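J.: Contents of model21.cif (mmCIF, C-alpha atoms, pLDDT in the B column; chains and numbers go by the auth columns):
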```
data_model
#
loop_
_atom_site.group_PDB
_atom_site.id
_atom_site.type_symbol
_atom_site.label_atom_id
_atom_site.label_comp_id
_atom_site.label_asym_id
_atom_site.label_seq_id
_atom_site.Cartn_x
_atom_site.Cartn_y
_atom_site.Cartn_z
_atom_site.B_iso_or_equiv
_atom_site.auth_seq_id
_atom_site.auth_asym_id
ATOM 1 C CA MET A 1 0.000 0.000 0.000 49.00 798 A
ATOM 2 C CA LYS A 2 2.924 2.328 0.789 51.00 799 A
ATOM 3 C CA LYS A 3 4.275 1.832 -2.745 49.00 800 A
ATOM 4 C CA ILE A 4 0.870 2.644 -4.199 46.00 801 A
ATOM 5 C CA ILE A 5 0.625 5.899 -2.218 48.00 802 A
ATOM 6 C CA LEU A 6 4.164 6.974 -3.184 48.00 803 A
ATOM 7 C CA THR A 7 3.523 6.197 -6.853 48.00 804 A
ATOM 8 C CA ALA A 8 0.257 8.148 -6.800 50.00 805 A
ATOM 9 C CA ALA A 9 1.999 11.090 -5.124 51.00 806 A
ATOM 10 C CA ALA A 10 4.689 11.073 -7.823 50.00 807 A
ATOM 11 C CA VAL A 11 2.070 11.113 -10.565 49.00 808 A
ATOM 12 C CA PHE A 12 0.276 14.022 -8.909 49.00 809 A
ATOM 13 C CA ALA A 13 3.523 15.981 -8.541 50.00 810 A
ATOM 14 C CA PHE A 14 4.514 15.350 -12.159 47.00 811 A
ATOM 15 C CA SER A 15 1.151 16.564 -13.451 47.00 812 A
ATOM 16 C CA PHE A 16 0.688 19.547 -11.138 48.00 813 A
ATOM 17 C CA ALA A 17 2.546 21.951 -13.422 45.00 814 A
ATOM 18 C CA ASN A 18 -0.220 21.567 -16.024 49.00 815 A
ATOM 19 C CA ALA A 19 -3.087 21.868 -13.535 47.00 816 A
ATOM 20 C CA GLN A 20 -4.456 25.021 -15.129 56.00 817 A
ATOM 21 C CA ASP A 21 -4.584 23.547 -18.647 75.00 818 A
ATOM 22 C CA LEU A 22 -8.167 22.282 -19.057 90.00 819 A
ATOM 23 C CA LYS A 23 -7.785 21.245 -22.706 90.00 820 A
ATOM 24 C CA SER A 24 -5.327 18.933 -24.401 91.00 821 A
ATOM 25 C CA LYS A 25 -3.225 19.929 -27.397 89.00 822 A
ATOM 26 C CA LYS A 26 -5.924 18.317 -29.537 91.00 823 A
ATOM 27 C CA GLY A 27 -8.589 20.528 -27.975 91.00 824 A
ATOM 28 C CA GLU A 28 -10.126 17.772 -25.825 93.00 825 A
ATOM 29 C CA ASN A 29 -11.690 18.791 -22.496 95.00 826 A
ATOM 30 C CA TYR A 30 -10.070 17.284 -19.410 96.00 827 A
ATOM 31 C CA LEU A 31 -13.082 17.774 -17.141 96.00 828 A
ATOM 32 C CA PRO A 32 -16.505 16.088 -17.424 95.00 829 A
ATOM 33 C CA GLN A 33 -19.343 18.089 -18.927 95.00 830 A
ATOM 34 C CA SER A 34 -23.129 18.031 -18.791 97.00 831 A
ATOM 35 C CA GLY A 35 -24.430 14.875 -20.494 96.00 832 A
ATOM 36 C CA ASP A 36 -21.274 12.808 -19.847 97.00 833 A
ATOM 37 C CA TRP A 37 -21.417 9.330 -18.302 97.00 834 A
ATOM 38 C CA ALA A 38 -18.760 7.811 -16.044 96.00 835 A
ATOM 39 C CA ILE A 39 -17.788 4.484 -14.499 93.00 836 A
ATOM 40 C CA GLY A 40 -15.323 3.986 -11.644 86.00 837 A
ATOM 41 C CA PHE A 41 -12.878 1.168 -10.824 79.00 838 A
ATOM 42 C CA ASN A 42 -10.443 0.357 -8.040 73.00 839 A
ATOM 43 C CA ALA A 43 -6.995 1.077 -9.534 64.00 840 A
ATOM 44 C CA ASP A 44 -4.623 -0.390 -6.908 55.00 841 A
ATOM 45 C CA GLY A 45 -3.447 -3.015 -9.404 46.00 842 A
ATOM 46 C CA LEU A 46 -2.383 -0.386 -11.919 45.00 843 A
ATOM 47 C CA PHE A 47 -0.340 1.568 -9.366 44.00 844 A
ATOM 48 C CA SER A 48 1.294 -1.588 -8.015 44.00 845 A
ATOM 49 C CA TYR A 49 2.337 -2.416 -11.581 37.00 846 A
ATOM 50 C CA VAL A 50 3.863 1.035 -12.127 40.00 847 A
ATOM 51 C CA GLY A 51 5.588 1.016 -8.729 41.00 848 A
ATOM 52 C CA ASN A 52 7.092 -2.431 -9.228 41.00 849 A
ATOM 53 C CA ALA A 53 8.550 -1.344 -12.568 39.00 850 A
ATOM 54 C CA PHE A 54 11.150 0.664 -10.614 42.00 851 A
ATOM 55 C CA ASN A 55 12.328 -2.166 -8.346 50.00 852 A
ATOM 56 C CA ASN A 56 13.071 -5.882 -8.352 51.00 853 A
ATOM 57 C CA SER A 57 9.610 -6.966 -7.148 49.00 854 A
ATOM 58 C CA GLY A 58 7.467 -9.236 -9.269 48.00 855 A
ATOM 59 C CA ASN A 59 5.453 -7.213 -11.763 45.00 856 A
ATOM 60 C CA ALA A 60 2.156 -8.934 -12.481 46.00 857 A
ATOM 61 C CA ALA A 61 -0.070 -7.663 -15.270 41.00 858 A
ATOM 62 C CA PRO A 62 -1.960 -4.439 -14.384 40.00 859 A
ATOM 63 C CA SER A 63 -5.615 -4.799 -13.458 42.00 860 A
ATOM 64 C CA VAL A 64 -8.672 -2.864 -12.336 42.00 861 A
ATOM 65 C CA ASP A 65 -11.461 -4.008 -10.029 41.00 862 A
ATOM 66 C CA PHE A 66 -14.684 -2.710 -8.471 45.00 863 A
ATOM 67 C CA GLN A 67 -14.314 0.409 -6.270 51.00 864 A
ATOM 68 C CA ASN A 68 -15.682 -1.585 -3.336 53.00 865 A
ATOM 69 C CA ALA A 69 -15.818 -5.378 -3.456 50.00 866 A
ATOM 70 C CA GLY A 70 -18.259 -6.327 -6.171 56.00 867 A
ATOM 71 C CA THR A 71 -19.851 -2.875 -6.361 73.00 868 A
ATOM 72 C CA PHE A 72 -20.572 -1.024 -9.621 81.00 869 A
ATOM 73 C CA VAL A 73 -20.546 2.795 -9.434 86.00 870 A
ATOM 74 C CA GLY A 74 -21.783 4.808 -12.399 94.00 871 A
ATOM 75 C CA LYS A 75 -22.525 8.505 -12.919 96.00 872 A
ATOM 76 C CA ARG A 76 -24.490 10.703 -15.290 97.00 873 A
ATOM 77 C CA PHE A 77 -23.587 14.405 -15.309 98.00 874 A
ATOM 78 C CA THR A 78 -26.651 16.638 -15.240 98.00 875 A
ATOM 79 C CA SER A 79 -24.415 19.725 -15.426 97.00 876 A
ATOM 80 C CA ASP A 80 -20.685 20.434 -15.440 95.00 877 A
ATOM 81 C CA LYS A 81 -20.742 20.440 -11.611 97.00 878 A
ATOM 82 C CA THR A 82 -23.445 17.909 -10.658 98.00 879 A
ATOM 83 C CA ALA A 83 -24.004 14.218 -11.339 98.00 880 A
ATOM 84 C CA GLN A 84 -26.510 11.479 -10.565 98.00 881 A
ATOM 85 C CA ARG A 85 -24.973 8.294 -9.137 95.00 882 A
ATOM 86 C CA VAL A 86 -26.044 4.658 -9.516 95.00 883 A
ATOM 87 C CA ILE A 87 -24.707 1.938 -7.213 90.00 884 A
ATOM 88 C CA ALA A 88 -25.325 -1.772 -7.754 90.00 885 A
ATOM 89 C CA ASN A 89 -24.020 -4.941 -6.124 85.00 886 A
ATOM 90 C CA PHE A 90 -25.470 -8.441 -6.671 86.00 887 A
ATOM 91 C CA LYS A 91 -23.938 -11.578 -5.187 86.00 888 A
ATOM 92 C CA VAL A 92 -25.306 -15.121 -5.493 89.00 889 A
ATOM 93 C CA GLY A 93 -23.470 -18.324 -4.800 91.00 890 A
ATOM 94 C CA SER A 94 -23.354 -21.828 -3.377 93.00 891 A
ATOM 95 C CA ASP A 95 -20.578 -23.789 -1.669 94.00 892 A
ATOM 96 C CA THR A 96 -20.552 -27.518 -0.888 95.00 893 A
ATOM 97 C CA GLU A 97 -18.189 -29.426 1.410 95.00 894 A
ATOM 98 C CA GLU A 98 -18.250 -33.174 2.062 94.00 895 A
ATOM 99 C CA ILE A 99 -16.506 -34.839 5.027 93.00 896 A
ATOM 100 C CA ALA A 100 -16.874 -38.531 5.910 89.00 897 A
ATOM 101 C CA GLY A 101 -20.090 -38.845 3.924 88.00 898 A
ATOM 102 C CA GLU A 102 -21.709 -35.746 5.456 93.00 899 A
ATOM 103 C CA LYS A 103 -22.387 -33.023 2.905 96.00 900 A
ATOM 104 C CA THR A 104 -22.837 -29.337 3.870 96.00 901 A
ATOM 105 C CA THR A 105 -24.145 -26.836 1.338 96.00 902 A
ATOM 106 C CA ASN A 106 -24.256 -23.089 2.025 96.00 903 A
ATOM 107 C CA SER A 107 -25.997 -20.770 -0.424 95.00 904 A
ATOM 108 C CA GLY A 108 -27.445 -17.293 -0.557 94.00 905 A
ATOM 109 C CA PHE A 109 -27.827 -14.026 -2.359 92.00 906 A
ATOM 110 C CA ASP A 110 -27.281 -10.372 -1.568 91.00 907 A
ATOM 111 C CA LEU A 111 -28.540 -7.410 -3.593 91.00 908 A
ATOM 112 C CA THR A 112 -27.634 -3.783 -2.904 90.00 909 A
ATOM 113 C CA ALA A 113 -28.833 -0.926 -5.078 94.00 910 A
ATOM 114 C CA GLY A 114 -28.656 2.811 -4.602 94.00 911 A
ATOM 115 C CA LEU A 115 -29.161 6.250 -6.094 97.00 912 A
ATOM 116 C CA GLY A 116 -27.312 9.403 -5.176 97.00 913 A
ATOM 117 C CA LYS A 117 -26.375 12.955 -6.043 98.00 914 A
ATOM 118 C CA GLU A 118 -22.889 14.397 -6.437 98.00 915 A
ATOM 119 C CA TRP A 119 -21.685 17.999 -6.382 98.00 916 A
ATOM 120 C CA ARG A 120 -18.250 19.083 -7.564 97.00 917 A
ATOM 121 C CA ARG A 121 -15.861 21.914 -6.676 95.00 918 A
ATOM 122 C CA GLY A 122 -12.742 23.248 -8.356 94.00 919 A
ATOM 123 C CA SER A 123 -11.744 25.090 -11.517 91.00 920 A
ATOM 124 C CA THR A 124 -8.561 23.111 -12.332 94.00 921 A
ATOM 125 C CA ARG A 125 -7.840 19.478 -13.154 95.00 922 A
ATOM 126 C CA LEU A 126 -7.852 18.803 -9.411 96.00 923 A
ATOM 127 C CA GLN A 127 -11.539 18.410 -8.509 96.00 924 A
ATOM 128 C CA GLY A 128 -13.245 17.869 -5.159 97.00 925 A
ATOM 129 C CA PHE A 129 -16.648 16.212 -4.877 96.00 926 A
ATOM 130 C CA TYR A 130 -19.209 15.399 -2.197 97.00 927 A
ATOM 131 C CA GLY A 131 -22.789 14.162 -1.916 97.00 928 A
ATOM 132 C CA ALA A 132 -25.046 11.421 -0.577 96.00 929 A
ATOM 133 C CA ASP A 133 -26.491 8.035 -1.615 95.00 930 A
ATOM 134 C CA LEU A 134 -29.672 6.223 -0.586 96.00 931 A
ATOM 135 C CA LEU A 135 -29.173 2.429 -0.410 93.00 932 A
ATOM 136 C CA LEU A 136 -31.502 -0.592 -0.442 95.00 933 A
ATOM 137 C CA ASN A 137 -30.414 -4.131 0.465 93.00 934 A
ATOM 138 C CA ILE A 138 -32.169 -7.528 0.161 95.00 935 A
ATOM 139 C CA SER A 139 -30.506 -10.792 1.249 94.00 936 A
ATOM 140 C CA SER A 140 -31.114 -14.418 2.216 94.00 937 A
ATOM 141 C CA THR A 141 -28.966 -17.418 3.247 94.00 938 A
ATOM 142 C CA SER A 142 -29.453 -21.137 3.785 96.00 939 A
ATOM 143 C CA GLU A 143 -27.459 -24.120 5.042 96.00 940 A
ATOM 144 C CA LYS A 144 -28.281 -27.775 4.260 96.00 941 A
ATOM 145 C CA ILE A 145 -26.604 -30.771 5.894 96.00 942 A
ATOM 146 C CA THR A 146 -27.240 -34.221 4.453 96.00 943 A
ATOM 147 C CA ASP A 147 -26.061 -37.684 5.492 94.00 944 A
ATOM 148 C CA THR A 148 -27.375 -41.218 4.926 90.00 945 A
ATOM 149 C CA GLY A 149 -31.114 -41.010 5.649 90.00 946 A
ATOM 150 C CA TYR A 150 -30.773 -37.591 7.314 94.00 947 A
ATOM 151 C CA GLU A 151 -31.217 -33.978 6.235 96.00 948 A
ATOM 152 C CA ARG A 152 -31.199 -30.708 8.145 96.00 949 A
ATOM 153 C CA LYS A 153 -31.873 -27.371 6.451 97.00 950 A
ATOM 154 C CA GLU A 154 -31.793 -23.927 8.036 96.00 951 A
ATOM 155 C CA THR A 155 -33.087 -20.993 5.976 96.00 952 A
ATOM 156 C CA SER A 156 -32.893 -17.390 7.098 93.00 953 A
ATOM 157 C CA GLY A 157 -35.792 -15.050 6.661 93.00 954 A
ATOM 158 C CA LEU A 158 -35.638 -12.492 3.896 94.00 955 A
ATOM 159 C CA GLY A 159 -33.417 -9.646 5.018 95.00 956 A
ATOM 160 C CA PHE A 160 -34.360 -6.094 4.089 94.00 957 A
ATOM 161 C CA GLY A 161 -32.267 -3.021 4.765 95.00 958 A
ATOM 162 C CA ILE A 162 -32.400 0.668 3.939 95.00 959 A
ATOM 163 C CA GLY A 163 -29.651 3.164 4.547 94.00 960 A
ATOM 164 C CA ALA A 164 -27.901 6.348 3.527 94.00 961 A
ATOM 165 C CA GLN A 165 -24.287 7.372 3.220 92.00 962 A
ATOM 166 C CA GLY A 166 -22.518 10.649 2.768 94.00 963 A
ATOM 167 C CA PHE A 167 -19.301 10.792 0.762 92.00 964 A
ATOM 168 C CA ILE A 168 -16.476 13.204 0.067 94.00 965 A
ATOM 169 C CA GLY A 169 -13.434 12.819 -2.135 93.00 966 A
ATOM 170 C CA ALA A 170 -11.071 14.284 -4.699 95.00 967 A
ATOM 171 C CA GLU A 171 -9.750 13.297 -8.114 95.00 968 A
ATOM 172 C CA TYR A 172 -7.145 14.528 -10.555 96.00 969 A
ATOM 173 C CA PHE A 173 -7.591 14.378 -14.337 96.00 970 A
ATOM 174 C CA LEU A 174 -4.364 12.941 -15.722 93.00 971 A
ATOM 175 C CA PHE A 175 -5.750 12.771 -19.251 94.00 972 A
ATOM 176 C CA PRO A 176 -8.902 14.098 -20.956 96.00 973 A
ATOM 177 C CA LYS A 177 -11.897 12.506 -19.141 96.00 974 A
ATOM 178 C CA ILE A 178 -9.640 10.068 -17.224 95.00 975 A
ATOM 179 C CA SER A 179 -9.031 10.693 -13.525 94.00 976 A
ATOM 180 C CA ILE A 180 -7.644 9.070 -10.386 91.00 977 A
ATOM 181 C CA GLY A 181 -8.845 9.829 -6.887 90.00 978 A
ATOM 182 C CA ALA A 182 -10.234 8.523 -3.604 88.00 979 A
ATOM 183 C CA GLN A 183 -13.597 8.675 -1.848 87.00 980 A
ATOM 184 C CA TYR A 184 -14.439 8.482 1.861 89.00 981 A
ATOM 185 C CA THR A 185 -17.893 7.473 3.096 88.00 982 A
ATOM 186 C CA TYR A 186 -19.899 7.513 6.330 90.00 983 A
ATOM 187 C CA GLY A 187 -23.365 6.020 6.627 91.00 984 A
ATOM 188 C CA ALA A 188 -26.219 4.491 8.586 93.00 985 A
ATOM 189 C CA LEU A 189 -28.320 1.358 7.983 90.00 986 A
ATOM 190 C CA ILE A 190 -31.592 -0.029 9.327 94.00 987 A
ATOM 191 C CA ALA A 191 -32.062 -3.776 8.714 94.00 988 A
ATOM 192 C CA ILE A 192 -34.980 -6.139 9.292 95.00 989 A
ATOM 193 C CA GLU A 193 -34.818 -9.934 8.963 94.00 990 A
ATOM 194 C CA GLY A 194 -37.970 -11.948 8.400 94.00 991 A
ATOM 195 C CA GLU A 195 -38.839 -15.225 10.071 95.00 992 A
ATOM 196 C CA GLY A 196 -36.623 -18.156 9.108 95.00 993 A
ATOM 197 C CA LYS A 197 -37.119 -21.883 9.642 96.00 994 A
ATOM 198 C CA ILE A 198 -35.290 -25.121 10.414 96.00 995 A
ATOM 199 C CA THR A 199 -36.414 -28.462 8.984 96.00 996 A
ATOM 200 C CA GLU A 200 -34.847 -31.712 10.137 96.00 997 A
ATOM 201 C CA THR A 201 -35.546 -35.361 9.365 94.00 998 A
ATOM 202 C CA GLY A 202 -37.946 -36.794 11.935 92.00 999 A
ATOM 203 C CA GLU A 203 -38.491 -33.426 13.664 93.00 1000 A
ATOM 204 C CA ASP A 204 -41.180 -30.762 13.511 94.00 1001 A
ATOM 205 C CA GLU A 205 -40.406 -27.555 11.645 95.00 1002 A
ATOM 206 C CA VAL A 206 -38.932 -24.841 13.892 95.00 1003 A
ATOM 207 C CA LYS A 207 -39.354 -21.112 13.328 94.00 1004 A
ATOM 208 C CA THR A 208 -36.267 -19.015 14.075 91.00 1005 A
ATOM 209 C CA GLY A 209 -38.028 -15.702 14.707 86.00 1006 A
ATOM 210 C CA LYS A 210 -37.583 -12.225 13.342 91.00 1007 A
ATOM 211 C CA GLY A 211 -34.916 -9.606 14.004 92.00 1008 A
ATOM 212 C CA SER A 212 -33.887 -6.022 13.380 93.00 1009 A
ATOM 213 C CA SER A 213 -30.795 -3.872 13.738 92.00 1010 A
ATOM 214 C CA PHE A 214 -29.567 -0.312 13.388 91.00 1011 A
ATOM 215 C CA GLY A 215 -26.020 0.814 12.842 90.00 1012 A
ATOM 216 C CA ILE A 216 -23.942 3.855 12.007 89.00 1013 A
ATOM 217 C CA GLY A 217 -20.881 2.934 10.002 78.00 1014 A
ATOM 218 C CA GLY A 218 -17.341 4.123 10.469 71.00 1015 A
ATOM 219 C CA VAL A 219 -15.387 6.070 7.891 75.00 1016 A
ATOM 220 C CA GLY A 220 -14.657 3.914 4.835 72.00 1017 A
ATOM 221 C CA VAL A 221 -12.300 4.539 1.913 67.00 1018 A
ATOM 222 C CA SER A 222 -12.593 3.051 -1.547 63.00 1019 A
ATOM 223 C CA SER A 223 -8.810 3.198 -2.045 63.00 1020 A
ATOM 224 C CA ILE A 224 -7.354 4.640 -5.271 78.00 1021 A
ATOM 225 C CA ASN A 225 -9.962 4.845 -8.021 84.00 1022 A
ATOM 226 C CA LEU A 226 -9.738 5.195 -11.777 87.00 1023 A
ATOM 227 C CA THR A 227 -12.771 6.908 -13.341 91.00 1024 A
ATOM 228 C CA LEU A 228 -13.512 6.961 -17.074 93.00 1025 A
ATOM 229 C CA HIS A 229 -15.853 9.605 -18.544 95.00 1026 A
ATOM 230 C CA PHE A 230 -17.442 9.355 -21.963 93.00 1027 A
#
```
Would you give me this structure, written as structure tokens?

T.:
Amino acid sequence: MKKIILTAAAVFAFSFANAQDLKSKKGENYLPQSGDWAIGFNADGLFSYVGNAFNNSGNAAPSVDFQNAGTFVGKRFTSDKTAQRVIANFKVGSDTEEIAGEKTTNSGFDLTAGLGKEWRRGSTRLQGFYGADLLLNISSTSEKITDTGYERKETSGLGFGIGAQGFIGAEYFLFPKISIGAQYTYGALIAIEGEGKITETGEDEVKTGKGSSFGIGGVGVSSINLTLHF
């Protein structure tokens, strides 16, 4: 992580001299404009690749990933200084393990979707931004254990959550419509879980009851991000 930060700092320092130049030599605008769309990625892999090029460390191929694990972040600029945000994260999966004839299968899904608004500040290629997102989450999990003549299955109730998060960050436009930056978030979430059940061979069905929770999250950072505007 230290190498990534130092590499990013070097890139910022190298580009600072041209901070006032808002158009390329070809006349292309560096900054996003009304009507532009954007998509963001986590860019740690790219900076690790650049940093390792100057030492003897292994230099794997550069890569980009979601800003936060599995999360898509898109934007549509409604003006040069404001944008609508879309957040989406869908996970579904199943895992099976078998030991001494006993098979355990865990499965589930998790869907998070959100809408937000972003405001921007700055008149150079270094831009600050801030805003808020409203988030909706739906999830469910289950575990099934099977053995010879025996089965036990526990299914959670449908989980439903609603929350909001504020965010603030900054980005620098290295090239026309291509920027790097970081975003910090702070949010709150209310979650409700419906009634689940347990079924077991030879036993009556058992209800697991309902639940609810409320939490205020700590400050989170989405690391170094690469954002493409088009």

J.: Work out how far apart atom CA of Ala967 of chain A and atom CA of Tyr927 of chain A are and give it in Å to one decimal.

T.: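 Between these atoms lies a distance of 8.6 Å.
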
J.: Asn1022 of chain A: which residues within 6 Å, counting all atoms listed in the file, same-chain residues fewer than 2 positions away excluded, as number ranges by chain?

T.: A: 838-840, 977-979

J.: Export, as a PDB file, keeping the file's coordinate frame, the selected residues with C-alpha atoms.

T.:
```pdb
ATOM      1  CA  PHE A 838     -12.878   1.168 -10.824  1.00 79.00           C
ATOM      2  CA  ASN A 839     -10.443   0.357  -8.040  1.00 73.00           C
ATOM      3  CA  ALA A 840      -6.995   1.077  -9.534  1.00 64.00           C
ATOM      4  CA  ILE A 977      -7.644   9.070 -10.386  1.00 91.00           C
ATOM      5  CA  GLY A 978      -8.845   9.829  -6.887  1.00 90.00           C
ATOM      6  CA  ALA A 979     -10.234   8.523  -3.604  1.00 88.00           C
TER       7      ALA A 979
END
```

J.: Under the rule that all atoms listed in the file are counted, which of A:Ser876, A:Gln881, A:Thr921, A:Thr938 is the nearest residue to Asn903 of chain A?

T.: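 Under the stated criterion, the closest residue is A:Thr938.
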
J.: Do you know which residues are at most 6 Å from segment 948-957 of chain A counting all atoms listed in the file, after dropping those on the same chain fewer than 5 positions away, and could you put them as a list in words?

T.: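 With the cut-off at 6 Å, the set is Asn934, Ile935, Ser936, Ser937, Thr938, Ser939, Glu940, Lys941, Ile942, Thr943, Ala988, Ile989, Glu990, Gly991, Glu992, Gly993, Lys994, Ile995, Thr996, Glu997 and Thr998 of chain A.
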
J.: Taking 3 positions as the minimum chain separation for residues in the same chain, which residues sit within 10 Å of Ile884 of chain A when counting all atoms listed in the file? Answer as a PyMOL selection string.

T.: chain A and resi 868-872+909-913+930-933

J.: Could you please take those selected residues and save C-alpha atoms as a PDB file, in the frame of the given file?

T.:
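Saved to out_35.pdb:
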```
ATOM      1  CA  THR A 868     -19.851  -2.875  -6.361  1.00 73.00           C
ATOM      2  CA  PHE A 869     -20.572  -1.024  -9.621  1.00 81.00           C
ATOM      3  CA  VAL A 870     -20.546   2.795  -9.434  1.00 86.00           C
ATOM      4  CA  GLY A 871     -21.783   4.808 -12.399  1.00 94.00           C
ATOM      5  CA  LYS A 872     -22.525   8.505 -12.919  1.00 96.00           C
ATOM      6  CA  THR A 909     -27.634  -3.783  -2.904  1.00 90.00           C
ATOM      7  CA  ALA A 910     -28.833  -0.926  -5.078  1.00 94.00           C
ATOM      8  CA  GLY A 911     -28.656   2.811  -4.602  1.00 94.00           C
ATOM      9  CA  LEU A 912     -29.161   6.250  -6.094  1.00 97.00           C
ATOM     10  CA  GLY A 913     -27.312   9.403  -5.176  1.00 97.00           C
ATOM     11  CA  ASP A 930     -26.491   8.035  -1.615  1.00 95.00           C
ATOM     12  CA  LEU A 931     -29.672   6.223  -0.586  1.00 96.00           C
ATOM     13  CA  LEU A 932     -29.173   2.429  -0.410  1.00 93.00           C
ATOM     14  CA  LEU A 933     -31.502  -0.592  -0.442  1.00 95.00           C
TER      15      LEU A 933
END
```

J.: Quick check, in Å to one decimal: how far apart do atom CA of Gln924 of chain A and atom CA of Gln830 of chain A lie?

T.: 13.0 Å

J.: What does the distance between atom CA of Glu1002 of chain A and atom CA of Leu908 of chain A come to in Å, to one decimal place?

T.: 27.9 Å

J.: Using the chain letters and numbers from the file, give me the residues hit by the PyMOL selection byres ((chain A and resi 828) around 7), as a list in words.

T.: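 Applying the expression gives Leu819, Asn826, Tyr827, Pro829, Gln830, Arg922, Pro973 and Lys974 of chain A.
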
J.: I'd like to know which of A:Phe1011, A:Val883, A:Arg873, A:Ala897 is closest to Trp834 of chain A, using all atoms listed in the file.

T.: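 Among the listed residues, A:Arg873 lies closest to Trp834 of chain A.
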
J.: I need the residue set behind the PyMOL selection byres ((chain A and resi 887) around 8) for this file; please write it as a list in words.

T.: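 Taken on the displayed file, the PyMOL selection byres ((chain A and resi 887) around 8) yields the residues Gly867, Thr868, Ala885, Asn886, Lys888, Val889, Phe906, Asp907, Leu908 and Thr909 of chain A.
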
J.: Listed atoms of segment 995-1008 of chain A, axis-aligned box, 4 Å per side: centre and edge lengths to one decimal in Å, as lines of an AutoDock Vina configuration file?

T.:
```
center_x = -38.0
center_y = -23.2
center_z = 11.8
size_x = 14.3
size_y = 35.2
size_z = 13.7
```

J.: Evaluate the PyMOL selection byres ((chain A and resi 917) around 8) and record the selected residues as a PyMOL selection string, following the chain and residue labels used in the document.

T.: chain A and resi 878-879+915-916+918-919+924-927

J.: Pick out the closest residue to Gly999 of chain A from this set: A:Phe874, A:Tyr947, A:Phe1027, A:Tyr969. Count only C-alpha atoms.

T.: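 The answer is A:Tyr947, which sits nearest to Gly999 of chain A.
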